[in-house]
Every structure is written in structure tokens, then in C-alpha cells.
>>> print(open('start_4.csv').read())   # CSV, C-alpha atoms
chain,number,residue,atom,x,y,z
B,16,ALA,CA,41.6,-21.9,4.9
B,17,LEU,CA,40.9,-23.2,1.4
B,18,ARG,CA,38.8,-26.2,2.4
B,19,ALA,CA,35.3,-26.1,0.9
B,20,ARG,CA,32.5,-26.6,3.4
B,21,PRO,CA,29.3,-27.0,1.4
B,22,ALA,CA,26.1,-27.1,3.4
B,23,GLY,CA,22.5,-27.9,2.7
B,24,ARG,CA,20.9,-30.3,0.3
B,25,LEU,CA,23.1,-31.6,-2.4
B,26,HIS,CA,22.6,-29.5,-5.6
B,27,SER,CA,20.0,-27.3,-4.1
B,28,ARG,CA,20.2,-23.8,-5.7
B,29,ALA,CA,21.8,-22.3,-2.6
B,30,ARG,CA,24.4,-25.1,-2.3
B,31,ASP,CA,25.2,-25.0,-6.0
B,32,ARG,CA,25.7,-21.2,-5.8
B,33,ALA,CA,28.1,-21.6,-2.9
B,34,ALA,CA,30.0,-24.4,-4.6
B,35,VAL,CA,30.4,-22.5,-7.8
B,36,SER,CA,31.4,-19.4,-5.9
B,37,HIS,CA,34.1,-21.3,-4.1
B,38,HIS,CA,35.9,-22.1,-7.3
B,39,TYR,CA,35.0,-19.4,-9.9
B,40,ASP,CA,34.7,-16.4,-7.6
B,41,PHE,CA,38.2,-17.3,-6.1
B,42,SER,CA,39.8,-14.3,-7.8
B,43,ASN,CA,39.3,-12.8,-11.2
B,44,ASP,CA,42.9,-11.4,-11.0
B,45,PHE,CA,44.2,-14.9,-10.3
B,46,TYR,CA,42.5,-16.4,-13.4
B,47,ALA,CA,43.7,-13.5,-15.5
B,48,LEU,CA,47.3,-14.5,-14.5
B,49,LEU,CA,46.7,-18.2,-15.2
B,50,LEU,CA,44.7,-18.1,-18.4
B,51,ASP,CA,45.3,-16.6,-21.9
B,52,GLN,CA,43.8,-13.3,-23.0
B,53,SER,CA,40.5,-15.0,-24.1
B,54,MET,CA,40.0,-16.1,-20.4
B,55,ALA,CA,38.9,-19.5,-21.7
B,56,TYR,CA,39.0,-21.9,-18.7
B,57,SER,CA,38.4,-25.1,-20.6
B,58,CYS,CA,40.2,-27.5,-23.0
B,59,GLY,CA,41.8,-25.9,-26.0
B,60,TYR,CA,41.9,-27.4,-29.5
B,61,TRP,CA,45.6,-27.9,-30.5
B,62,ARG,CA,45.6,-28.0,-34.3
B,63,ARG,CA,49.4,-27.7,-34.5
B,64,PRO,CA,50.7,-29.3,-31.4
B,65,GLY,CA,54.2,-29.8,-32.8
B,66,ASP,CA,54.6,-26.1,-33.8
B,67,PRO,CA,56.5,-24.2,-31.1
B,68,SER,CA,55.0,-20.9,-32.3
B,69,TYR,CA,51.5,-22.2,-31.7
B,70,THR,CA,50.4,-21.1,-28.3
B,71,LEU,CA,47.7,-21.7,-25.7
B,72,ALA,CA,45.9,-18.6,-27.1
B,73,ASP,CA,45.9,-20.1,-30.6
B,74,ALA,CA,44.5,-23.4,-29.2
B,75,GLN,CA,41.7,-21.6,-27.4
B,76,HIS,CA,40.9,-19.4,-30.4
B,77,ASP,CA,40.6,-22.6,-32.5
B,78,LYS,CA,38.5,-24.3,-29.9
B,79,LEU,CA,36.0,-21.4,-29.8
B,80,GLU,CA,35.9,-21.3,-33.6
B,81,LEU,CA,35.3,-25.1,-33.8
B,82,VAL,CA,32.4,-24.7,-31.4
B,83,CYS,CA,30.9,-21.9,-33.5
B,84,ARG,CA,31.3,-23.9,-36.7
B,85,LYS,CA,29.7,-27.0,-35.2
B,86,LEU,CA,26.8,-24.9,-34.0
B,87,GLU,CA,26.6,-23.3,-37.5
B,88,LEU,CA,26.4,-19.8,-36.1
B,89,ARG,CA,25.4,-17.0,-38.5
B,90,PRO,CA,24.7,-13.3,-38.1
B,91,GLY,CA,21.6,-13.0,-36.0
B,92,ALA,CA,21.6,-16.6,-34.8
B,93,ARG,CA,20.4,-16.8,-31.2
B,94,LEU,CA,22.9,-18.7,-28.9
B,95,LEU,CA,22.4,-19.7,-25.3
B,96,ASP,CA,25.7,-20.2,-23.5
B,97,VAL,CA,25.0,-22.1,-20.3
B,98,GLY,CA,27.9,-21.6,-17.9
B,99,CYS,CA,29.6,-18.8,-19.8
B,100,GLY,CA,32.6,-18.5,-17.6
B,101,TRP,CA,34.5,-15.2,-18.3
B,102,GLY,CA,32.7,-14.8,-21.6
B,103,SER,CA,35.3,-16.3,-24.0
B,104,LEU,CA,32.7,-18.1,-26.2
B,105,ALA,CA,30.1,-15.4,-25.9
B,106,LEU,CA,32.5,-12.7,-27.0
B,107,HIS,CA,33.9,-14.8,-29.8
B,108,ALA,CA,30.5,-15.7,-31.2
B,109,ALA,CA,29.4,-12.0,-31.1
B,110,ARG,CA,32.7,-10.6,-32.4
B,111,HIS,CA,33.3,-13.0,-35.2
B,112,HIS,CA,29.9,-14.4,-36.1
B,113,LYS,CA,27.5,-11.6,-35.1
B,114,ALA,CA,25.5,-14.0,-33.1
B,115,GLU,CA,23.0,-12.8,-30.5
B,116,VAL,CA,24.1,-14.4,-27.2
B,117,THR,CA,22.4,-15.0,-23.9
B,118,ALA,CA,25.4,-15.8,-21.5
B,119,VAL,CA,24.5,-17.4,-18.2
B,120,THR,CA,26.7,-17.9,-15.1
B,121,LEU,CA,26.0,-18.6,-11.5
B,122,ALA,CA,29.3,-16.9,-10.4
B,123,ARG,CA,28.8,-13.2,-9.7
B,124,GLU,CA,32.4,-12.3,-10.2
B,125,GLN,CA,32.3,-13.9,-13.7
B,126,ALA,CA,29.2,-12.0,-14.6
B,127,ALA,CA,30.7,-8.7,-13.6
B,128,ALA,CA,33.9,-9.5,-15.6
B,129,VAL,CA,31.9,-10.5,-18.7
B,130,THR,CA,29.8,-7.3,-18.5
B,131,ARG,CA,33.0,-5.2,-18.2
B,132,ARG,CA,34.6,-7.0,-21.3
B,133,LEU,CA,31.5,-6.4,-23.4
B,134,ARG,CA,31.5,-2.7,-22.5
B,135,GLU,CA,35.2,-2.4,-23.4
B,136,GLU,CA,34.6,-4.0,-26.8
B,137,GLY,CA,31.2,-2.3,-27.5
B,138,LEU,CA,29.4,-5.6,-27.8
B,139,GLU,CA,26.6,-5.0,-25.2
B,140,HIS,CA,24.0,-4.9,-28.0
B,141,LEU,CA,24.8,-8.6,-29.0
B,142,VAL,CA,25.3,-10.3,-25.6
B,143,ASP,CA,22.9,-10.4,-22.6
B,144,VAL,CA,24.7,-11.5,-19.4
B,145,GLN,CA,22.5,-13.2,-16.8
B,146,SER,CA,23.6,-14.2,-13.3
B,147,LYS,CA,21.3,-17.1,-12.5
B,148,ASP,CA,20.9,-20.8,-12.0
B,149,TYR,CA,20.5,-22.9,-15.2
B,150,ARG,CA,17.2,-24.0,-13.8
B,151,ASP,CA,15.9,-20.5,-13.8
B,152,ILE,CA,16.7,-19.6,-17.4
B,153,GLU,CA,13.7,-18.2,-19.1
B,154,PRO,CA,12.1,-20.4,-21.8
B,155,GLY,CA,13.1,-19.5,-25.4
B,156,SER,CA,13.6,-20.8,-28.8
B,157,TYR,CA,17.3,-20.7,-29.5
B,158,ASP,CA,19.0,-21.6,-32.7
B,159,ALA,CA,21.9,-23.1,-30.7
B,160,VAL,CA,22.7,-24.0,-27.1
B,161,CYS,CA,26.2,-24.7,-25.7
B,162,SER,CA,27.5,-25.9,-22.3
B,163,ILE,CA,31.3,-25.8,-22.1
B,164,GLU,CA,32.5,-27.8,-19.1
B,165,MET,CA,29.6,-26.8,-16.9
B,166,GLY,CA,27.7,-30.1,-16.9
B,167,GLU,CA,30.3,-31.5,-14.4
B,168,HIS,CA,28.7,-29.3,-11.7
B,169,VAL,CA,25.1,-30.6,-12.2
B,170,GLY,CA,25.4,-33.9,-10.4
B,171,ASP,CA,24.4,-37.4,-11.5
B,172,GLU,CA,20.8,-37.3,-10.3
B,173,GLY,CA,20.1,-33.9,-11.8
B,174,TYR,CA,21.7,-34.5,-15.2
B,175,PRO,CA,18.6,-35.9,-16.9
B,176,ALA,CA,16.7,-32.7,-16.0
B,177,PHE,CA,19.6,-30.6,-17.1
B,178,ALA,CA,19.7,-32.4,-20.5
B,179,ALA,CA,15.9,-31.9,-20.8
B,180,SER,CA,16.2,-28.2,-20.0
B,181,LEU,CA,18.8,-27.8,-22.8
B,182,ARG,CA,16.6,-29.5,-25.3
B,183,ALA,CA,13.6,-27.4,-24.2
B,184,ARG,CA,15.4,-24.2,-25.0
B,185,LEU,CA,16.3,-25.3,-28.6
B,186,ARG,CA,14.1,-24.6,-31.5
B,187,PRO,CA,13.3,-27.7,-33.7
B,188,ARG,CA,16.4,-28.5,-35.7
B,189,GLY,CA,18.5,-26.4,-33.4
B,190,ARG,CA,21.9,-27.6,-32.4
B,191,LEU,CA,23.4,-28.4,-29.0
B,192,LEU,CA,27.1,-28.7,-28.2
B,193,VAL,CA,28.3,-30.0,-24.8
B,194,GLN,CA,31.9,-30.1,-24.0
B,195,GLN,CA,32.4,-32.2,-20.9
B,196,MET,CA,34.9,-34.1,-18.9
B,197,SER,CA,34.4,-37.8,-18.1
B,198,ARG,CA,35.9,-40.4,-15.8
B,199,GLY,CA,36.5,-44.2,-16.1
B,200,ARG,CA,33.9,-46.6,-14.8
B,201,SER,CA,35.8,-47.4,-11.6
B,202,ALA,CA,37.1,-43.8,-11.0
B,203,PRO,CA,35.4,-41.4,-8.6
B,204,GLY,CA,33.1,-38.7,-9.8
B,205,GLY,CA,35.5,-35.8,-8.9
B,206,GLY,CA,38.0,-37.1,-6.4
B,207,ALA,CA,38.6,-36.2,-2.8
B,208,PHE,CA,41.2,-33.6,-3.3
B,209,ILE,CA,39.3,-31.7,-6.1
B,210,GLU,CA,36.1,-31.8,-4.1
B,211,THR,CA,37.7,-30.7,-0.9
B,212,TYR,CA,39.9,-27.8,-2.2
B,213,ILE,CA,38.9,-26.9,-5.7
B,214,ALA,CA,35.4,-27.8,-7.0
B,215,PRO,CA,33.0,-29.2,-4.4
B,216,ASP,CA,30.1,-31.4,-5.5
B,217,MET,CA,31.7,-31.9,-8.9
B,218,HIS,CA,30.7,-35.1,-10.7
B,219,MET,CA,31.9,-36.9,-13.8
B,220,ARG,CA,30.8,-40.1,-15.4
B,221,PRO,CA,31.8,-42.4,-18.3
B,222,LEU,CA,31.1,-40.7,-21.7
B,223,GLY,CA,28.5,-43.3,-22.8
B,224,ARG,CA,26.3,-42.5,-19.8
B,225,THR,CA,26.2,-38.8,-20.7
B,226,VAL,CA,25.4,-39.6,-24.3
B,227,SER,CA,22.6,-41.9,-23.2
B,228,MET,CA,21.1,-39.2,-20.9
B,229,LEU,CA,21.1,-36.7,-23.8
B,230,GLU,CA,19.4,-39.2,-26.1
B,231,GLU,CA,16.8,-40.0,-23.4
B,232,ALA,CA,16.1,-36.3,-23.2
B,233,GLY,CA,15.0,-36.4,-26.9
B,234,LEU,CA,18.2,-35.2,-28.5
B,235,GLU,CA,19.8,-36.9,-31.5
B,236,VAL,CA,23.6,-37.2,-31.0
B,237,ARG,CA,25.3,-36.4,-34.2
B,238,GLY,CA,29.0,-36.7,-33.3
B,239,VAL,CA,31.5,-37.1,-30.5
B,240,GLU,CA,35.0,-35.8,-30.6
B,241,SER,CA,37.6,-36.7,-28.0
B,242,LEU,CA,40.0,-33.9,-26.9
B,243,ARG,CA,41.8,-35.9,-24.2
B,244,GLU,CA,45.3,-35.3,-25.4
B,245,ASP,CA,44.4,-31.6,-26.0
B,246,TYR,CA,43.6,-31.3,-22.3
B,247,VAL,CA,47.1,-32.6,-21.4
B,248,ARG,CA,48.6,-29.8,-23.4
B,249,THR,CA,46.1,-27.2,-22.1
B,250,VAL,CA,46.7,-28.1,-18.4
B,251,ALA,CA,50.4,-28.3,-19.0
B,252,ALA,CA,50.3,-24.7,-20.4
B,253,TRP,CA,48.4,-23.5,-17.3
B,254,ARG,CA,50.8,-25.3,-15.0
B,255,ASP,CA,53.8,-23.8,-16.8
B,256,THR,CA,52.2,-20.3,-16.5
B,257,LEU,CA,51.6,-20.9,-12.8
B,258,HIS,CA,55.3,-21.8,-12.3
B,259,GLU,CA,56.6,-18.9,-14.3
B,260,ARG,CA,54.4,-16.5,-12.4
B,261,ARG,CA,54.7,-18.2,-9.0
B,262,HIS,CA,55.8,-15.1,-7.2
B,263,GLU,CA,52.9,-13.0,-8.6
B,264,VAL,CA,50.5,-15.8,-7.8
B,265,SER,CA,51.8,-16.2,-4.2
B,266,ALA,CA,51.6,-12.5,-3.6
B,267,LEU,CA,48.0,-12.4,-4.9
B,268,VAL,CA,46.4,-15.4,-3.3
B,269,GLY,CA,49.0,-16.7,-0.8
B,270,GLU,CA,51.5,-19.5,-0.8
B,271,GLU,CA,49.0,-22.1,0.4
B,272,ALA,CA,46.6,-21.5,-2.5
B,273,ALA,CA,49.5,-21.5,-5.0
B,274,ARG,CA,50.7,-24.9,-3.7
B,275,VAL,CA,47.1,-26.3,-3.9
B,276,TRP,CA,46.8,-25.1,-7.5
B,277,ARG,CA,50.2,-26.5,-8.5
B,278,LEU,CA,49.1,-29.9,-7.1
B,279,TYR,CA,45.7,-29.7,-8.7
B,280,LEU,CA,47.0,-28.9,-12.2
B,281,THR,CA,49.8,-31.5,-12.0
B,282,GLY,CA,47.4,-34.2,-10.9
B,283,GLY,CA,44.8,-33.2,-13.5
B,284,MET,CA,47.4,-33.3,-16.3
B,285,LEU,CA,48.4,-36.8,-15.3
B,286,ALA,CA,44.8,-38.0,-15.1
B,287,PHE,CA,44.2,-37.0,-18.7
B,288,GLU,CA,47.6,-38.3,-19.8
B,289,GLU,CA,47.0,-41.7,-18.3
B,290,GLY,CA,43.4,-41.9,-19.6
B,291,ARG,CA,41.7,-41.9,-16.2
B,292,MET,CA,39.9,-38.7,-17.3
B,293,GLY,CA,38.7,-37.6,-20.7
B,294,VAL,CA,37.0,-34.7,-22.3
B,295,ASP,CA,34.7,-34.7,-25.3
B,296,GLN,CA,32.6,-32.4,-27.5
B,297,ILE,CA,29.2,-33.9,-28.0
B,298,LEU,CA,27.2,-32.4,-30.9
B,299,ALA,CA,23.4,-33.0,-30.9
B,300,VAL,CA,20.3,-31.7,-32.5
B,301,ARG,CA,16.6,-31.4,-31.5
B,302,PRO,CA,14.8,-33.1,-34.4
B,303,ASP,CA,11.5,-31.5,-35.6
B,304,ALA,CA,8.1,-33.2,-35.4
B,305,ASP,CA,8.9,-35.1,-38.7
B,306,GLY,CA,12.3,-36.3,-37.4
B,307,ARG,CA,14.3,-34.0,-39.6
B,308,SER,CA,17.7,-32.8,-38.2
B,309,GLY,CA,18.3,-29.8,-40.4
B,310,MET,CA,21.6,-31.3,-41.4
B,311,THR,CA,20.7,-31.9,-45.1
B,312,ASP,CA,24.0,-33.5,-46.1
B,313,GLY,CA,24.0,-35.9,-43.2
B,314,HIS,CA,27.1,-34.3,-41.6
B,315,ASP,CA,27.7,-31.5,-39.1
B,316,GLY,CA,29.0,-29.0,-41.6
B,317,VAL,CA,32.4,-28.9,-40.0
B,318,PRO,CA,35.3,-29.0,-42.5
B,319,SER,CA,37.9,-31.7,-41.9
B,320,ASP,CA,41.0,-30.7,-39.8
B,321,HIS,CA,44.6,-30.5,-40.9
B,322,ASN,CA,44.9,-34.3,-40.8
B,323,GLY,CA,41.7,-34.9,-42.9
B,324,ARG,CA,39.5,-36.0,-40.0
B,325,THR,CA,35.9,-34.9,-39.7
B,326,GLY,CA,34.8,-35.2,-36.1
B,327,GLY,CA,36.4,-38.5,-35.0
B,328,GLY,CA,38.7,-38.9,-32.0
B,329,ARG,CA,41.9,-36.9,-31.9
>>> encode(input="start_4.csv", output="C-alpha cells")
Amino acid sequence: ALRARPAGRLHSRARDRAAVSHHYDFSNDFYALLLDQSMAYSCGYWRRPGDPSYTLADAQHDKLELVCRKLELRPGARLLDVGCGWGSLALHAARHHKAEVTAVTLAREQAAAVTRRLREEGLEHLVDVQSKDYRDIEPGSYDAVCSIEMGEHVGDEGYPAFAASLRARLRPRGRLLVQQMSRGRSAPGGGAFIETYIAPDMHMRPLGRTVSMLEEAGLEVRGVESLREDYVRTVAAWRDTLHERRHEVSALVGEEAARVWRLYLTGGMLAFEEGRMGVDQILAVRPDADGRSGMTDGHDGVPSDHNGRTGGGR
């Protein structure tokens, strides 16, 4: 019953919508059980991994804040969030940085949930939610563009056009942040189990190939930060929550789905732990006609972390 059966041309608009719906429209109530209150469904940023009082919610808050700092968001800055999920970054950017956000998702249930959350917080005037394909986003001149773990759904052949579309929506000297999973050179793009039951048509590649595609699109890559170990902790937290709430989960989505998700999260955690998969934040800029980046000090403006690092691997 849970098997995905995508039909039509690979990465056509209709097939992509069906593939995204299979995973992200599965059940808003299920994801609310699994995730923290921010509803962030991506790798957290574990600044104090040895502190037992530091939770998944703290790690997700720190990830969202890290993204906003790297993008140098200020009041009134225009941010395009491509693949906005349940609105964690869009709400954080509006709530804490007063950014004006266009939040785009192909999943209808996600769009409805984000709209509801905005209404509850009184942030409708700062965030515009759009349910559409990334290829149909209207042209604009954004100060910043982000894509948090959405590029995995684009496909290998379509990624150059995806990278070009992100660049085209940035103003000169605007910043781009892509957070994306990667696989080793000999590993499959997604894996048979994930593509069959969880995320059909998903594709991941070695990090260097993604960086090259962004550069070929005319973007200047300014920094890459690995969060691989952070994803081990993030997925472990989701797995633990699924175990602790297993009776609620089984009652909501059925025992079969609960077992599939336990296997999915356990396998994913091991893949990150063993280095077969990675995840990285790639910061890039669209230089202006004179080649200027807008980063006058030559750095990304992000303060060093608690160990004194400034954007290297973790």
C-alpha cells in the first residue's frame, strides 16, 4: 500500500508533483508527531552536542539562525525560499529578521499548513506562500535565495537548469544558500528502498559535482560547511521520537507505515554515520557585472562558532 508508483516522463511537472505528494503530503499530523515544534524537516545544527539539555528544537533553531546569518538577512530583505516545507525558515526569517519572504512548495498540504501557521502568528504581511513548481516561479530580484534539502528532488539532468533558475532570481551581489544531501561516487542516487517507499525519483550526487553545477550557472561559491555528523544526531532524534510515540504513530498511519519509517530512519542514520551520505551548506553569490561579490571583507559575515571555526567542516 505504501509503494510509490510514479508514472509519466521523469521529472515532468506532473510526475514531480506526484512524487512530492507521495512523501510530503503523507500526513501533516504524522510529521507534527515526528518533528520538533518548528516543523523543520532537515538537518539541524548541533552547537552543543555534548549538552543533554540541548534538544532537537535547539539544533533546528540554531540551523535556521545560521542560514539567516549566512544570507545576511535584514529587515525588508527579500528572500525566496524554494521548497519551503512546513515553513520553518520562512517563519523564522519573518519573525526574527523581518524579512519579506516568498515561500514556495509543490506539496499542497504543506502550503495549507504554512498558511495556517502564518495566520496564527500574524505574519501574513511578511510571507507569501505559493504552491507551484520551482520552474514556474515568477522572475524577481531577490536579495537572497535558499533551497533547504529540496535540490535532491530535481534530478541530475535537470540540476543545471535548477541552478540557473536560482541565479536568475537573485539580484547582483545577492546570496544563495543551498543545503543538500550528497552520496559517494559509487553509491546510488537515492537507493531502492527510499525510492520505492519514501521519496520516489530522489537523486543525490557527490558534493563536488553540485558545486561545479552551481559555478557553471554563473554563481561564485564562497563556502561549504559539512553537517554530516549533525545529521546523525538529527535522524537519531527523529528515530527516538518515532519509538517513543510508536503507539500514536501506528494509530495514525498504520503499523506498516510505522515499520517502514523506522527502517528508513535507522538506515539513513547509519548512512550518514558511515560516511556513505553527507549533507552540506553551500553559500554562493551572484557577482555583479564588475565581478564584485558584495562581501567587502572577503568573508561571509558569519561569526565563528563555539569552537572558533568560521565555515569549515564540522
>>> closest_atom_pairs(input="start_4.csv", of="segment 126-193 of chain B", to="segment 281-299 of chain B", cutoff="12 Å", atoms="all atoms listed in the file", output="Markdown table")
| residue | atom | partner | partner_atom | distance |
| --- | --- | --- | --- | --- |
| B:Ala159 | CA | B:Ala299 | CA | 10.0 |
| B:Val160 | CA | B:Ala299 | CA | 9.8 |
| B:Cys161 | CA | B:Leu298 | CA | 9.3 |
| B:Ser162 | CA | B:Gln296 | CA | 9.8 |
| B:Ile163 | CA | B:Gln296 | CA | 8.6 |
| B:Glu164 | CA | B:Val294 | CA | 8.8 |
| B:Gly166 | CA | B:Val294 | CA | 11.7 |
| B:Glu167 | CA | B:Val294 | CA | 10.8 |
| B:Ala178 | CA | B:Ala299 | CA | 11.1 |
| B:Leu181 | CA | B:Ala299 | CA | 10.7 |
| B:Arg182 | CA | B:Ala299 | CA | 9.5 |
| B:Leu185 | CA | B:Ala299 | CA | 10.7 |
| B:Pro187 | CA | B:Ala299 | CA | 11.7 |
| B:Arg188 | CA | B:Ala299 | CA | 9.6 |
| B:Gly189 | CA | B:Ala299 | CA | 8.6 |
| B:Arg190 | CA | B:Ala299 | CA | 5.8 |
| B:Leu191 | CA | B:Ala299 | CA | 5.0 |
| B:Leu192 | CA | B:Leu298 | CA | 4.6 |
| B:Val193 | CA | B:Ile297 | CA | 5.1 |
>>> atom_distance(input="start_4.csv", atom1="atom CA of Arg30 of chain B", atom2="atom CA of Ala55 of chain B")
24.9 Å
>>> atom_distance(input="start_4.csv", atom1="atom CA of Leu25 of chain B", atom2="atom CA of Gly102 of chain B")
27.3 Å
>>> closest_residue(input="start_4.csv", among="B:Ala179, B:Asp73, B:Leu49, B:Thr225", to="Glu259 of chain B", atoms="all atoms listed in the file")
B:Leu49
>>> closest_residue(input="start_4.csv", among="B:Glu271, B:Asp66, B:Asp158, B:Glu235", to="Gly91 of chain B", atoms="only C-alpha atoms")
B:Asp158
>>> closest_residue(input="start_4.csv", among="B:Arg110, B:Arg261, B:Arg198, B:Arg18", to="Arg243 of chain B", atoms="all atoms listed in the file")
B:Arg198
>>> closest_residue(input="start_4.csv", among="B:Leu141, B:Ser146, B:Gln195, B:Ala232", to="Ala176 of chain B", atoms="all atoms listed in the file")
B:Ala232
>>> closest_residue(input="start_4.csv", among="B:Arg89, B:Val82, B:Ile213, B:Ala272", to="Arg20 of chain B", atoms="all atoms listed in the file")
B:Ile213
>>> build_atoms(input="start_4.csv", residues="segment 148-158 of chain B", atoms="all heavy atoms", output="short mmCIF file (atom, residue, chain, number, x, y, z; two decimals), in the coordinates of the input")
data_model
loop_
_atom_site.label_atom_id
_atom_site.label_comp_id
_atom_site.auth_asym_id
_atom_site.auth_seq_id
_atom_site.Cartn_x
_atom_site.Cartn_y
_atom_site.Cartn_z
N ASP B 148 20.88 -19.39 -11.90
CA ASP B 148 20.90 -20.80 -12.00
C ASP B 148 20.39 -21.30 -13.33
O ASP B 148 19.44 -20.70 -13.85
CB ASP B 148 20.12 -21.43 -10.83
CG ASP B 148 20.35 -22.92 -10.63
OD1 ASP B 148 19.85 -23.70 -11.46
OD2 ASP B 148 21.00 -23.29 -9.64
N TYR B 149 20.98 -22.37 -13.88
CA TYR B 149 20.50 -22.90 -15.20
C TYR B 149 19.02 -23.26 -15.11
O TYR B 149 18.30 -23.20 -16.11
CB TYR B 149 21.35 -24.03 -15.66
CG TYR B 149 21.08 -25.35 -14.96
CD1 TYR B 149 20.11 -26.23 -15.42
CD2 TYR B 149 21.80 -25.71 -13.82
CE1 TYR B 149 19.86 -27.43 -14.78
CE2 TYR B 149 21.56 -26.90 -13.18
CZ TYR B 149 20.59 -27.77 -13.66
OH TYR B 149 20.35 -28.95 -13.01
N ARG B 150 18.55 -23.64 -13.92
CA ARG B 150 17.20 -24.00 -13.80
C ARG B 150 16.20 -22.87 -13.85
O ARG B 150 14.99 -23.05 -13.97
CB ARG B 150 16.98 -24.79 -12.44
CG ARG B 150 17.60 -26.17 -12.43
CD ARG B 150 17.81 -26.72 -11.04
NE ARG B 150 18.93 -26.07 -10.35
CZ ARG B 150 19.56 -26.60 -9.30
NH1 ARG B 150 19.19 -27.77 -8.84
NH2 ARG B 150 20.56 -25.94 -8.72
N ASP B 151 16.75 -21.65 -13.77
CA ASP B 151 15.90 -20.50 -13.80
C ASP B 151 16.02 -19.68 -15.10
O ASP B 151 15.51 -18.57 -15.21
CB ASP B 151 16.32 -19.53 -12.63
CG ASP B 151 16.09 -20.19 -11.28
OD1 ASP B 151 15.11 -20.96 -11.16
OD2 ASP B 151 16.89 -19.95 -10.35
N ILE B 152 16.67 -20.27 -16.11
CA ILE B 152 16.70 -19.60 -17.40
C ILE B 152 15.35 -19.57 -18.03
O ILE B 152 14.62 -20.56 -18.03
CB ILE B 152 17.71 -20.38 -18.35
CG1 ILE B 152 19.12 -20.38 -17.77
CG2 ILE B 152 17.72 -19.75 -19.74
CD1 ILE B 152 20.09 -21.25 -18.55
N GLU B 153 14.99 -18.41 -18.53
CA GLU B 153 13.70 -18.20 -19.10
C GLU B 153 13.51 -19.07 -20.37
O GLU B 153 14.46 -19.26 -21.13
CB GLU B 153 13.40 -16.77 -19.40
CG GLU B 153 13.38 -15.90 -18.14
CD GLU B 153 13.31 -14.42 -18.46
OE1 GLU B 153 13.24 -14.09 -19.65
OE2 GLU B 153 13.35 -13.61 -17.52
N PRO B 154 12.29 -19.59 -20.62
CA PRO B 154 12.10 -20.40 -21.80
C PRO B 154 12.39 -19.54 -23.08
O PRO B 154 12.25 -18.32 -23.09
CB PRO B 154 10.57 -20.72 -21.77
CG PRO B 154 10.22 -20.59 -20.32
CD PRO B 154 11.09 -19.50 -19.78
N GLY B 155 12.81 -20.21 -24.11
CA GLY B 155 13.10 -19.50 -25.40
C GLY B 155 13.17 -20.49 -26.50
O GLY B 155 12.89 -21.68 -26.33
N SER B 156 13.48 -19.98 -27.65
CA SER B 156 13.60 -20.80 -28.80
C SER B 156 14.91 -20.45 -29.53
O SER B 156 14.94 -19.68 -30.48
CB SER B 156 12.40 -20.60 -29.78
OG SER B 156 12.48 -21.46 -30.90
N TYR B 157 16.00 -21.01 -29.02
CA TYR B 157 17.30 -20.70 -29.50
C TYR B 157 17.72 -21.50 -30.69
O TYR B 157 17.35 -22.67 -30.81
CB TYR B 157 18.35 -20.85 -28.37
CG TYR B 157 18.19 -19.86 -27.23
CD1 TYR B 157 17.38 -20.15 -26.13
CD2 TYR B 157 18.84 -18.64 -27.26
CE1 TYR B 157 17.23 -19.24 -25.10
CE2 TYR B 157 18.71 -17.72 -26.23
CZ TYR B 157 17.90 -18.03 -25.15
OH TYR B 157 17.75 -17.11 -24.12
N ASP B 158 18.50 -20.89 -31.57
CA ASP B 158 19.00 -21.60 -32.70
C ASP B 158 20.13 -22.59 -32.28
O ASP B 158 20.36 -23.62 -32.92
CB ASP B 158 19.63 -20.64 -33.74
CG ASP B 158 18.59 -19.67 -34.25
OD1 ASP B 158 17.61 -20.12 -34.87
OD2 ASP B 158 18.75 -18.45 -34.03
#
